[in-house]
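K.L.:
Just passing along the structure, written as structure tokens.
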There are 2 protein chains.
Amino acid sequence: MRPFFVPSLALLLVAGFARADEGMWTFDNFPSAKVKERYGFGPDKAWLDHVQKSAVRLAGGCSASFVSSNGLVMTNHHCAHRCIEELSTGKRDFIADGFYARTPAEEQKCPTMEVNQLLEITNVTDRIQKATEGKSGADFAKAERKAMSEVEKSCAINSKVRCDVVTLYAGGQYDLYRYRRFQDVRLVFAPEFAMAFFGGDPDNFEFPRYDLDVSFLRVYDDGKPVKVEDWLRWSASGAKDSELVFVAGNPGKTNRLLTVAQLDFIRDVSQPWSELYYSEERGVVEEFATKGPEQHRVSQSELFGIENSLKAFKGREATLVSPGFMDAKRSAEAAFRAKLAADPKLKDTVGAFDAIAGAETAYRAFFVRMMLLEGTPSASRVVPAPFGFRGDLFANARILVRLAAEATRPNGERLREFTDSRIPAIEHRLASTAPSHPDLEIELLTFSLTKLREMLGPDDAVVQKVLGKKSPRQLATEVVRGTKLGDPKTRLALKAGGAAAVDASQDPMIVLARLVDPDARAIRSRFESVDATITSESAKLARGRFAFTGTGTYPDATFSLRLSFGAIRGWTEPNGDGGTRTVPAFTHFSGAYERATGVAPFALPRSWVSARPRLDLQTPFDQVSDNDIIGGNSGSPLLNQKAEVVGLIFDGNIASLGGDYFYESATNRAVSVHSSALLQALDRIYGAKRVLDEILPPGAPASSASGFH
Amino acid sequence: MRPFFVPSLALLLVAGFARADEGMWTFDNFPSAKVKERYGFGPDKAWLDHVQKSAVRLAGGCSASFVSSNGLVMTNHHCAHRCIEELSTGKRDFIADGFYARTPAEEQKCPTMEVNQLLEITNVTDRIQKATEGKSGADFAKAERKAMSEVEKSCAINSKVRCDVVTLYAGGQYDLYRYRRFQDVRLVFAPEFAMAFFGGDPDNFEFPRYDLDVSFLRVYDDGKPVKVEDWLRWSASGAKDSELVFVAGNPGKTNRLLTVAQLDFIRDVSQPWSELYYSEERGVVEEFATKGPEQHRVSQSELFGIENSLKAFKGREATLVSPGFMDAKRSAEAAFRAKLAADPKLKDTVGAFDAIAGAETAYRAFFVRMMLLEGTPSASRVVPAPFGFRGDLFANARILVRLAAEATRPNGERLREFTDSRIPAIEHRLASTAPSHPDLEIELLTFSLTKLREMLGPDDAVVQKVLGKKSPRQLATEVVRGTKLGDPKTRLALKAGGAAAVDASQDPMIVLARLVDPDARAIRSRFESVDATITSESAKLARGRFAFTGTGTYPDATFSLRLSFGAIRGWTEPNGDGGTRTVPAFTHFSGAYERATGVAPFALPRSWVSARPRLDLQTPFDQVSDNDIIGGNSGSPLLNQKAEVVGLIFDGNIASLGGDYFYESATNRAVSVHSSALLQALDRIYGAKRVLDEILPPGAPASSASGFH
């Protein structure tokens, strides 16, 4: 990550005031009037409804949109990377070569992809707050979880409906999001990885860029392409510099309302720890990939995930340690505290700051153990492998072990990620036909067991129990070679067999997951007690904040659908030598050819090298706008006033990473592929006529996309 | 690194007051009266002179001592690791198997080791301060460097004399250290790595421990073992719990007098950056080592160095981010500032705090570039490879390129590490017969060039100049395969040929070093301007501090000889569950057998497995004492009142790492091998009779070391 500039933080951190094009707004509280005042156009209800239904979420952590009535979905290549890799084999490498289904029959099912279309938002604040009233700490958390599970269960009438209660404004508001769930998602088109991620990690989170980070999927229902009423049309020319644009997508998580004690914890404890873990794992996987072409092929998705997380962590940390940042946060918090203290009805709330600080201090003592044995719990996703036991095989073993146990409990008392409304996603995962890569699994598990031993110490009871007299590599090799969990049939049989089958299993990965589970659950329970304090105390602060600002501002991101507005805009920043440099809003095809070196990650694929004479090299390629987005927004459509596609979001620049903690309009930029680049590449480079015919704007010549710039 | 406890920091940070057994004292200012008051014994001048001359420094960064009149030197295995590895081949692996010279002729010369024996300390403060009087910033630094070089040159009358001006009390005092320099150092004995570093990285910086981290070397002069008058005798029984003990050695660097702005820089910028770099490099080297037995063998020394640095960084960072630490430092600084402001003669000094803060802020802007292109300059050691160009081959190329240029300049105007008094060490390095490992070199250079491109960005002018259209791996492979610098003859010929030969060389590594040198020098010069400000402003603060405390306290460590006192002592710490646990001062042979798993790093070597019946398992193995030490003290003798060897320092516990910033007596512990364990292992396990006969206490039975516990 290159050094980046954070402008006059103190001025930017005035609490509770949304500046410039700031905000990841919910669709039921979009500030249309404000946008109209600023840009002369504000979306109406019909516009919002149409875009809400056209935008979809990839449950794995991305955004996307319908771009034809026939269920065609556009998202990023990197959002479908896992699917593309899972469909590849040693003989057919779709990551390297790209993928294009020339006929409907050639569209191939992604083993683990789920698409969610948001149908309805219902405010359920009263129901949840009634259940938690007067409660605090663990009682609060238990009551909240139970109430949320009940609301979700009564909504999710079958496996095609997904219902999530979303906590907004840190507990100031609870909304029920009802989705249509699609689990038959097929790959239609993907370019070569080399072009989707041209510039690789060095250019990731940077701009200028030259990436065609796109893939097209198709959503099926009952074996046929789903027919949708709401889908996005294509703009004939894209957006101009300074033009108003919108991003509809699912930003994952922001932390703009955290207290100083919470930020201290992130800056000093959780983030540095994660960075160090990922850095070392990155080194291991990088070097593993040099062992041979097959090792290279099977590790690229893992490596991309690690590098992407790592660079994001670094960018966020750079904001947290930038001179003045924490001082400014401290001042803003002091002002908020004073405001609360001055209000007779709210002054009791002030104690929440110390309660949260106390909880964070308590968490410091067992954070590392929590990460290694349990990882970060997530209500919205199937739990990932903990950092002490990396790899898909262990993750599946843990899911089976826990599912067997949790299924015997009442819905409201289960671990959040095993409640009834989450079961379809879990079953989908267990049924995945994606191939397993034992060599990589051994390497990842060896590495993580080594970290487990290093960080807890060889004398720790869990370490002793897990390793005994074995080395991490011995144990990892033994359980990966011995397990049958790479086979979906085995997983589904164990799932079907329930607790009896899982308890009786001698599969070594199941045995390992069973062995660790009591310790993992113990540390999770300790975490949940701390977390419950933070949640209930944050809710007090949130209600205090709500009393001053109401829904006049937007809630922190929660991986639910949001709309942000902004304009196509370059930026100006210091050049490090006392002067400034200006980064224009657009790049063009020509720049990719100038930047190419012939060697990854700056190697153009053959298709691009040979298509060069057929291209209009002045076609805009990538672009930046000042929409307020964050990770999870990948794959979001960039829209103009007519709700037409003018681009495809795939990244933010380095300054955007600080957006986790605050939005600043001077340099924070969203990065998208220009709509004209997408059309011209599909036409003149890939000859992807089936895709083009579906998305082309009405009246445009169907066989040629020339003139689209 | 496991979590560790930092007790009541606020109480411990009262400035300028040496508590309990604190202090790394210079030999000419040892607080004997204070020690006597506390322990009933204080060393006299004769004691101090004898120990000073018996203790030696390994110029590569360790401590050691003469333990026979015949030039036998005791140090750690890890201090001789590089030598042991360099003497090994694919057929004879002394790292794995250990080494023992059964006859004098079998003693093998270490290719790059230099031993320094401190003969004399002369205060030269007046000469240096006169030269710098009234100067500040770059003028100050230039004048200081020139004066120091002159003093050193007039002292170093031939290559057997080494003279270093040491800056003490951050510029409050300058002393000339005159050493006898030995460059013919031969390996006599080393145990197996598995026993020297039993527990490996997981147990590094931890206690209880079971390590025999020892090696014996012999210093030669004119082809014969050197005869020394001062050498350390052996204690018959070692030290008892609570007994007074001393450590004579060369602590590398502490930062106890830094300002808050300097600590902020370390906490937020330099240390996290280094941790991340080393973490990823560690992953690369770990995985490289799995490629085959030869790759494993040639990479272990590199890996040990990385892991050791990394764990030390993590321990120090844990102190810096521990709750309350920076607040306590801030309070102490405010008190010092107030004291200065209240003194009419010193109040002008107060501005130095802001000047230093300004310099640190300026450094933030180019720190990463500095690390990548230049690394950390060190006056006392030959410059290591910068982080953008790792590996010995590049380091040697840079040395040749710079030496050729610097040699044409007047001594006082050269880069510090190329002044006349440093030339013998450089020549020694260039003449090294250690084998080169091209596969490892390619991996390290590929990695570092990848970081160079990632961190400066592919568009950076230096990156473009270095890589052109090549990938990091292409360039690294090309220059490593193409260079002849692995051969000492080539290096010495280039050295002898001077600037003409180096400028004309087409060796690709020389070409690369030449290509980067102007940029590296430019960033170094920018660094030196910032550093000059910090140096001259720190000197003002130092004089202020000196005015209050004089030499009543000890200076920060400077990799020069120091004496610390303390007692054999275990410690008590929180156990993480609300209670406490007590760690006793000694471990015993029996514990090693209990801890062994049979797999590295917990595998006992065969010699230990088979010797078990012959050992007295209750023999003390390792021990802890509360002497104030830090990295660089590795290999120091632990001495009793009679100046007899009772142990061999090889580590500190986790809490000792915080000793970089302050000493706290409750948990900071030095870790040493017990003298009885050394004797019994030499006798009953290794049958190292030649060594034993030399070091055995007079009157002890020469053929058996029984009874030494």
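In the structure tokens, the first chain shown is A, the next is B, and so on; residue numbers restart at 1 for each chain, and ligands run from 1 in the order shown.
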Using only C-alpha atoms and a cut-off of 9 Å, which residues of chain A sit close to chain B? Please list them as a tab-separated table (two decimals) with N, CA, C and O atoms, in the first residue's frame.

P.N.:
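Below is the file that was written, iface26.tsv:
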chain	number	residue	atom	x	y	z
A	1	MET	N	0.84	-1.18	0.00
A	1	MET	CA	0.00	0.00	0.00
A	1	MET	C	0.88	1.24	0.00
A	1	MET	O	1.79	1.37	0.79
A	2	ARG	N	0.58	2.12	-0.92
A	2	ARG	CA	1.38	3.34	-0.96
A	2	ARG	C	0.88	4.32	0.09
A	2	ARG	O	-0.26	4.24	0.51
A	3	PRO	N	1.75	5.25	0.48
A	3	PRO	CA	1.35	6.22	1.50
A	3	PRO	C	0.11	6.98	1.03
A	3	PRO	O	-0.05	7.21	-0.16
A	199	GLY	N	-2.93	-5.72	-13.03
A	199	GLY	CA	-2.25	-4.91	-12.02
A	199	GLY	C	-2.18	-5.62	-10.67
A	199	GLY	O	-1.38	-5.24	-9.82
A	201	ASP	N	-2.32	-7.33	-7.03
A	201	ASP	CA	-2.26	-6.72	-5.70
A	201	ASP	C	-1.61	-5.34	-5.71
A	201	ASP	O	-2.07	-4.44	-5.01
A	202	PRO	N	-0.55	-5.11	-6.51
A	202	PRO	CA	0.04	-3.76	-6.49
A	202	PRO	C	-0.97	-2.67	-6.84
A	202	PRO	O	-0.94	-1.58	-6.28
A	203	ASP	N	-1.88	-2.97	-7.78
A	203	ASP	CA	-2.85	-1.95	-8.19
A	203	ASP	C	-4.17	-2.02	-7.43
A	203	ASP	O	-5.02	-1.13	-7.58
A	268	ASP	N	-5.06	-1.01	18.14
A	268	ASP	CA	-3.94	-1.59	18.89
A	268	ASP	C	-3.98	-3.11	18.98
A	268	ASP	O	-2.95	-3.74	19.23
A	269	VAL	N	-5.15	-3.70	18.85
A	269	VAL	CA	-5.26	-5.14	19.11
A	269	VAL	C	-5.73	-5.92	17.88
A	269	VAL	O	-4.96	-6.67	17.28
A	272	PRO	N	-3.95	-4.99	14.07
A	272	PRO	CA	-2.56	-5.44	13.93
A	272	PRO	C	-2.44	-6.96	13.97
A	272	PRO	O	-1.67	-7.55	13.21
A	275	GLU	N	-3.54	-8.33	10.61
A	275	GLU	CA	-2.55	-8.00	9.58
A	275	GLU	C	-1.36	-8.95	9.63
A	275	GLU	O	-0.87	-9.42	8.61
A	276	LEU	N	-0.89	-9.20	10.85
A	276	LEU	CA	0.27	-10.08	10.99
A	276	LEU	C	-0.06	-11.50	10.59
A	276	LEU	O	0.72	-12.17	9.93
A	277	TYR	N	-1.24	-11.95	10.97
A	277	TYR	CA	-1.64	-13.31	10.60
A	277	TYR	C	-1.71	-13.43	9.08
A	277	TYR	O	-1.12	-14.34	8.49
A	278	TYR	N	-2.42	-12.51	8.46
A	278	TYR	CA	-2.57	-12.59	7.01
A	278	TYR	C	-1.25	-12.41	6.29
A	278	TYR	O	-1.01	-13.00	5.24
A	279	SER	N	-0.38	-11.56	6.81
A	279	SER	CA	0.91	-11.34	6.15
A	279	SER	C	1.69	-12.63	6.07
A	279	SER	O	2.24	-12.98	5.02
A	280	GLU	N	1.75	-13.32	7.18
A	280	GLU	CA	2.54	-14.54	7.18
A	280	GLU	C	1.86	-15.62	6.32
A	280	GLU	O	2.53	-16.32	5.55
A	281	GLU	N	0.55	-15.71	6.43
A	281	GLU	CA	-0.16	-16.69	5.61
A	281	GLU	C	0.01	-16.37	4.13
A	281	GLU	O	0.15	-17.27	3.29
A	282	ARG	N	0.02	-15.09	3.82
A	282	ARG	CA	0.27	-14.70	2.43
A	282	ARG	C	1.61	-15.21	1.94
A	282	ARG	O	1.72	-15.75	0.84
A	283	GLY	N	2.63	-15.04	2.78
A	283	GLY	CA	3.96	-15.54	2.40
A	283	GLY	C	3.94	-17.04	2.15
A	283	GLY	O	4.51	-17.53	1.17
A	284	VAL	N	3.25	-17.77	3.02
A	284	VAL	CA	3.17	-19.23	2.87
A	284	VAL	C	2.48	-19.59	1.55
A	284	VAL	O	2.98	-20.41	0.78
A	285	VAL	N	1.35	-18.95	1.28
A	285	VAL	CA	0.59	-19.31	0.07
A	285	VAL	C	1.32	-18.85	-1.19
A	285	VAL	O	1.35	-19.58	-2.19
A	286	GLU	N	1.93	-17.68	-1.16
A	286	GLU	CA	2.73	-17.20	-2.30
A	286	GLU	C	3.80	-18.23	-2.68
A	286	GLU	O	4.01	-18.54	-3.84
A	287	GLU	N	4.49	-18.69	-1.64
A	287	GLU	CA	5.60	-19.61	-1.90
A	287	GLU	C	5.08	-20.99	-2.28
A	287	GLU	O	5.66	-21.66	-3.13
A	288	PHE	N	3.95	-21.39	-1.68
A	288	PHE	CA	3.31	-22.66	-2.06
A	288	PHE	C	3.00	-22.65	-3.56
A	288	PHE	O	3.20	-23.65	-4.26
A	291	LYS	N	5.45	-23.93	-6.18
A	291	LYS	CA	5.86	-25.33	-6.21
A	291	LYS	C	5.49	-26.03	-7.51
A	291	LYS	O	6.04	-27.09	-7.81
A	318	ALA	N	-3.83	2.64	8.57
A	318	ALA	CA	-3.15	3.90	8.25
A	318	ALA	C	-4.00	5.10	8.67
A	318	ALA	O	-3.49	6.11	9.12
A	321	VAL	N	-3.90	5.41	12.63
A	321	VAL	CA	-2.66	5.93	13.22
A	321	VAL	C	-2.24	7.26	12.60
A	321	VAL	O	-1.20	7.78	12.96
A	322	SER	N	-3.03	7.79	11.67
A	322	SER	CA	-2.61	9.05	11.06
A	322	SER	C	-2.67	10.16	12.11
A	322	SER	O	-3.57	10.19	12.94
A	323	PRO	N	-1.68	11.07	12.06
A	323	PRO	CA	-1.60	12.09	13.12
A	323	PRO	C	-2.91	12.88	13.18
A	323	PRO	O	-3.43	13.30	12.16
A	361	THR	N	-11.40	-3.64	27.34
A	361	THR	CA	-10.22	-4.05	28.12
A	361	THR	C	-10.32	-5.53	28.47
A	361	THR	O	-9.33	-6.28	28.36
A	365	ALA	N	-7.83	-9.45	26.94
A	365	ALA	CA	-7.21	-10.59	27.62
A	365	ALA	C	-7.44	-11.92	26.90
A	365	ALA	O	-6.69	-12.86	27.10
A	366	PHE	N	-8.49	-12.00	26.05
A	366	PHE	CA	-8.73	-13.30	25.41
A	366	PHE	C	-9.01	-13.19	23.91
A	366	PHE	O	-9.46	-14.15	23.28
A	368	VAL	N	-6.97	-13.12	21.35
A	368	VAL	CA	-6.19	-14.03	20.51
A	368	VAL	C	-6.77	-15.45	20.59
A	368	VAL	O	-6.94	-16.12	19.56
A	443	GLU	N	-1.35	-27.43	3.79
A	443	GLU	CA	-0.49	-26.27	4.03
A	443	GLU	C	-1.18	-25.26	4.95
A	443	GLU	O	-0.58	-24.72	5.88
A	447	PHE	N	-0.06	-24.43	8.78
A	447	PHE	CA	0.25	-23.06	9.16
A	447	PHE	C	-0.59	-22.63	10.38
A	447	PHE	O	-0.06	-22.10	11.36
A	450	THR	N	0.32	-24.25	13.58
A	450	THR	CA	1.59	-23.69	14.06
A	450	THR	C	1.34	-22.38	14.80
A	450	THR	O	1.93	-22.12	15.85
A	451	LYS	N	0.46	-21.57	14.25
A	451	LYS	CA	0.12	-20.31	14.92
A	451	LYS	C	-0.62	-20.58	16.24
A	451	LYS	O	-0.41	-19.89	17.23
A	453	ARG	N	-0.22	-23.09	18.24
A	453	ARG	CA	0.78	-23.47	19.23
A	453	ARG	C	1.65	-22.28	19.63
A	453	ARG	O	1.97	-22.07	20.80
A	454	GLU	N	2.04	-21.49	18.65
A	454	GLU	CA	2.90	-20.35	18.93
A	454	GLU	C	2.19	-19.34	19.83
A	454	GLU	O	2.79	-18.82	20.78
A	455	MET	N	0.94	-19.07	19.55
A	455	MET	CA	0.27	-17.96	20.24
A	455	MET	C	-0.32	-18.35	21.58
A	455	MET	O	-0.38	-17.54	22.49
A	456	LEU	N	-0.80	-19.58	21.70
A	456	LEU	CA	-1.31	-20.02	23.01
A	456	LEU	C	-0.19	-20.64	23.83
A	456	LEU	O	-0.29	-20.73	25.05
A	457	GLY	N	0.88	-21.05	23.16
A	457	GLY	CA	2.00	-21.67	23.87
A	457	GLY	C	1.84	-23.18	23.90
A	457	GLY	O	0.73	-23.70	24.01
A	458	PRO	N	2.97	-23.89	23.82
A	458	PRO	CA	2.91	-25.36	23.77
A	458	PRO	C	2.32	-25.98	25.03
A	458	PRO	O	1.91	-27.14	25.00
A	468	GLY	N	-1.07	-33.15	21.02
A	468	GLY	CA	-0.41	-34.25	21.73
A	468	GLY	C	1.07	-34.20	21.41
A	468	GLY	O	1.70	-33.16	21.53
A	469	LYS	N	1.62	-35.32	21.00
A	469	LYS	CA	3.05	-35.34	20.66
A	469	LYS	C	3.28	-35.10	19.17
A	469	LYS	O	4.40	-35.28	18.67
A	470	LYS	N	2.23	-34.74	18.45
A	470	LYS	CA	2.40	-34.54	17.00
A	470	LYS	C	2.81	-33.11	16.68
A	470	LYS	O	2.47	-32.17	17.39
A	471	SER	N	3.47	-32.96	15.56
A	471	SER	CA	3.76	-31.62	15.06
A	471	SER	C	2.54	-31.13	14.28
A	471	SER	O	1.72	-31.93	13.84
A	576	GLY	N	3.87	14.24	-2.30
A	576	GLY	CA	4.96	13.78	-1.44
A	576	GLY	C	6.22	14.62	-1.54
A	576	GLY	O	7.16	14.45	-0.78
A	596	ALA	N	1.13	-2.52	-19.86
A	596	ALA	CA	1.42	-3.96	-19.91
A	596	ALA	C	2.92	-4.23	-20.00
A	596	ALA	O	3.65	-3.53	-20.70
A	597	THR	N	3.36	-5.25	-19.25
A	597	THR	CA	4.77	-5.65	-19.30
A	597	THR	C	4.93	-7.03	-19.91
A	597	THR	O	6.03	-7.46	-20.22
A	598	GLY	N	3.85	-7.76	-20.02
A	598	GLY	CA	3.94	-9.13	-20.51
A	598	GLY	C	4.07	-10.16	-19.40
A	598	GLY	O	4.06	-11.36	-19.65
A	599	VAL	N	4.24	-9.69	-18.16
A	599	VAL	CA	4.39	-10.62	-17.05
A	599	VAL	C	3.35	-10.29	-15.97
A	599	VAL	O	3.13	-9.12	-15.67
A	600	ALA	N	2.76	-11.35	-15.41
A	600	ALA	CA	1.76	-11.16	-14.36
A	600	ALA	C	2.34	-10.32	-13.23
A	600	ALA	O	3.50	-10.48	-12.91
A	601	PRO	N	1.57	-9.45	-12.59
A	601	PRO	CA	0.15	-9.16	-12.85
A	601	PRO	C	-0.07	-8.07	-13.90
A	601	PRO	O	-1.16	-7.52	-13.95
A	602	PHE	N	0.94	-7.80	-14.71
A	602	PHE	CA	0.77	-6.77	-15.74
A	602	PHE	C	0.80	-7.37	-17.14
A	602	PHE	O	1.26	-6.74	-18.09

K.L.:
Give me the residues near stretch 661-673 of chain B as a PyMOL selection string, where near means some atom within 8 Å (using only C-alpha atoms) and where sequence neighbours in that chain fewer than 6 positions away do not count.

P.N.:
chain B and resi 7+12-13+19-22+207+211-213+254-257+571-573+621-629+638+647-655

K.L.:
Find the residues around B:Glu294 up to 12 Å (only C-alpha atoms counted), leave out those fewer than 6 positions away in its own chain, and share them as a ChimeraX atom specification.

P.N.:
/B:88-93,288,300,437-440

K.L.:
Okay, now the selection with all heavy atoms, as an mmCIF file, in the first residue's frame?

P.N.:
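Listed below is the output, selection.cif:
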data_model
loop_
_atom_site.group_PDB
_atom_site.id
_atom_site.type_symbol
_atom_site.label_atom_id
_atom_site.label_comp_id
_atom_site.auth_asym_id
_atom_site.auth_seq_id
_atom_site.Cartn_x
_atom_site.Cartn_y
_atom_site.Cartn_z
ATOM 1 N N SER B 88 28.965 -25.770 7.222
ATOM 2 C CA SER B 88 28.260 -26.998 6.829
ATOM 3 C C SER B 88 28.180 -27.092 5.314
ATOM 4 O O SER B 88 28.345 -26.111 4.599
ATOM 5 C CB SER B 88 26.838 -26.996 7.403
ATOM 6 O OG SER B 88 26.876 -26.944 8.808
ATOM 7 N N THR B 89 27.918 -28.308 4.858
ATOM 8 C CA THR B 89 27.698 -28.531 3.429
ATOM 9 C C THR B 89 26.514 -29.482 3.311
ATOM 10 O O THR B 89 25.957 -29.909 4.316
ATOM 11 C CB THR B 89 28.915 -29.197 2.779
ATOM 12 O OG1 THR B 89 29.086 -30.487 3.394
ATOM 13 C CG2 THR B 89 30.174 -28.380 2.977
ATOM 14 N N GLY B 90 26.151 -29.803 2.072
ATOM 15 C CA GLY B 90 25.083 -30.782 1.891
ATOM 16 C C GLY B 90 25.431 -32.114 2.550
ATOM 17 O O GLY B 90 24.555 -32.866 2.957
ATOM 18 N N LYS B 91 26.729 -32.404 2.697
ATOM 19 C CA LYS B 91 27.132 -33.699 3.256
ATOM 20 C C LYS B 91 27.356 -33.672 4.758
ATOM 21 O O LYS B 91 27.170 -34.657 5.449
ATOM 22 C CB LYS B 91 28.423 -34.183 2.579
ATOM 23 C CG LYS B 91 28.172 -34.623 1.131
ATOM 24 C CD LYS B 91 29.456 -35.099 0.491
ATOM 25 C CE LYS B 91 29.228 -35.403 -0.986
ATOM 26 N NZ LYS B 91 30.480 -35.595 -1.716
ATOM 27 N N ARG B 92 27.859 -32.542 5.267
ATOM 28 C CA ARG B 92 28.148 -32.457 6.700
ATOM 29 C C ARG B 92 27.354 -31.305 7.271
ATOM 30 O O ARG B 92 27.711 -30.143 7.106
ATOM 31 C CB ARG B 92 29.648 -32.220 6.910
ATOM 32 C CG ARG B 92 30.518 -33.302 6.254
ATOM 33 C CD ARG B 92 31.990 -32.946 6.384
ATOM 34 N NE ARG B 92 32.343 -32.783 7.788
ATOM 35 C CZ ARG B 92 33.519 -32.283 8.206
ATOM 36 N NH1 ARG B 92 34.431 -31.900 7.331
ATOM 37 N NH2 ARG B 92 33.786 -32.173 9.485
ATOM 38 N N ASP B 93 26.298 -31.639 7.981
ATOM 39 C CA ASP B 93 25.396 -30.612 8.482
ATOM 40 C C ASP B 93 25.631 -30.412 9.978
ATOM 41 O O ASP B 93 25.052 -31.099 10.812
ATOM 42 C CB ASP B 93 23.946 -31.039 8.200
ATOM 43 C CG ASP B 93 22.961 -29.970 8.595
ATOM 44 O OD1 ASP B 93 23.360 -28.980 9.256
ATOM 45 O OD2 ASP B 93 21.779 -30.107 8.250
ATOM 46 N N PHE B 288 9.371 -22.121 1.719
ATOM 47 C CA PHE B 288 10.544 -22.475 0.903
ATOM 48 C C PHE B 288 11.244 -23.688 1.511
ATOM 49 O O PHE B 288 11.670 -24.602 0.797
ATOM 50 C CB PHE B 288 11.497 -21.272 0.834
ATOM 51 C CG PHE B 288 12.814 -21.569 0.164
ATOM 52 C CD1 PHE B 288 12.921 -21.601 -1.222
ATOM 53 C CD2 PHE B 288 13.961 -21.822 0.914
ATOM 54 C CE1 PHE B 288 14.139 -21.877 -1.839
ATOM 55 C CE2 PHE B 288 15.173 -22.101 0.309
ATOM 56 C CZ PHE B 288 15.263 -22.119 -1.077
ATOM 57 N N GLN B 300 17.604 -22.161 7.392
ATOM 58 C CA GLN B 300 17.271 -22.112 8.816
ATOM 59 C C GLN B 300 17.860 -20.919 9.557
ATOM 60 O O GLN B 300 17.242 -20.363 10.461
ATOM 61 C CB GLN B 300 17.680 -23.431 9.500
ATOM 62 C CG GLN B 300 16.814 -24.607 9.091
ATOM 63 C CD GLN B 300 15.319 -24.300 9.165
ATOM 64 O OE1 GLN B 300 14.769 -24.166 10.238
ATOM 65 N NE2 GLN B 300 14.664 -24.141 8.021
ATOM 66 N N HIS B 437 23.928 -19.409 -1.454
ATOM 67 C CA HIS B 437 22.797 -20.302 -1.730
ATOM 68 C C HIS B 437 21.869 -19.638 -2.740
ATOM 69 O O HIS B 437 20.906 -18.965 -2.351
ATOM 70 C CB HIS B 437 22.047 -20.614 -0.436
ATOM 71 C CG HIS B 437 22.913 -21.192 0.637
ATOM 72 N ND1 HIS B 437 23.629 -22.360 0.462
ATOM 73 C CD2 HIS B 437 23.216 -20.763 1.878
ATOM 74 C CE1 HIS B 437 24.313 -22.629 1.554
ATOM 75 N NE2 HIS B 437 24.095 -21.666 2.426
ATOM 76 N N PRO B 438 22.139 -19.828 -4.021
ATOM 77 C CA PRO B 438 21.406 -19.082 -5.038
ATOM 78 C C PRO B 438 19.885 -19.251 -4.984
ATOM 79 O O PRO B 438 19.154 -18.284 -5.184
ATOM 80 C CB PRO B 438 21.965 -19.637 -6.356
ATOM 81 C CG PRO B 438 23.286 -20.219 -6.007
ATOM 82 C CD PRO B 438 23.168 -20.702 -4.598
ATOM 83 N N ASP B 439 19.401 -20.465 -4.686
ATOM 84 C CA ASP B 439 17.947 -20.643 -4.662
ATOM 85 C C ASP B 439 17.296 -19.781 -3.586
ATOM 86 O O ASP B 439 16.248 -19.169 -3.815
ATOM 87 C CB ASP B 439 17.586 -22.119 -4.416
ATOM 88 C CG ASP B 439 17.864 -22.962 -5.645
ATOM 89 O OD1 ASP B 439 18.183 -22.387 -6.709
ATOM 90 O OD2 ASP B 439 17.774 -24.198 -5.537
ATOM 91 N N LEU B 440 17.920 -19.749 -2.426
ATOM 92 C CA LEU B 440 17.387 -18.905 -1.354
ATOM 93 C C LEU B 440 17.528 -17.427 -1.714
ATOM 94 O O LEU B 440 16.615 -16.628 -1.484
ATOM 95 C CB LEU B 440 18.122 -19.216 -0.043
ATOM 96 C CG LEU B 440 17.703 -18.381 1.168
ATOM 97 C CD1 LEU B 440 16.223 -18.593 1.513
ATOM 98 C CD2 LEU B 440 18.564 -18.714 2.384
#

K.L.:
Excluding A:Ala80 and residues on its chain fewer than 3 positions from it, collect all residues at most 10 Å away from it, counting only C-alpha atoms, and give them as number ranges by chain.

P.N.:
A: 58, 60, 62, 75-77, 83-86, 110, 113, 187, 190, 214-217, 635

K.L.:
Just list the residues in stretch 327-549 of chain B DSSP gives helix (DSSP H, G or I) on the backbone, as an MDAnalysis selection string.

P.N.:
chainID B and resid 327:341 347:364 367:373 392:406 411:413 416:418 420:430 438:456 461:467 472:482 488:504 508:549
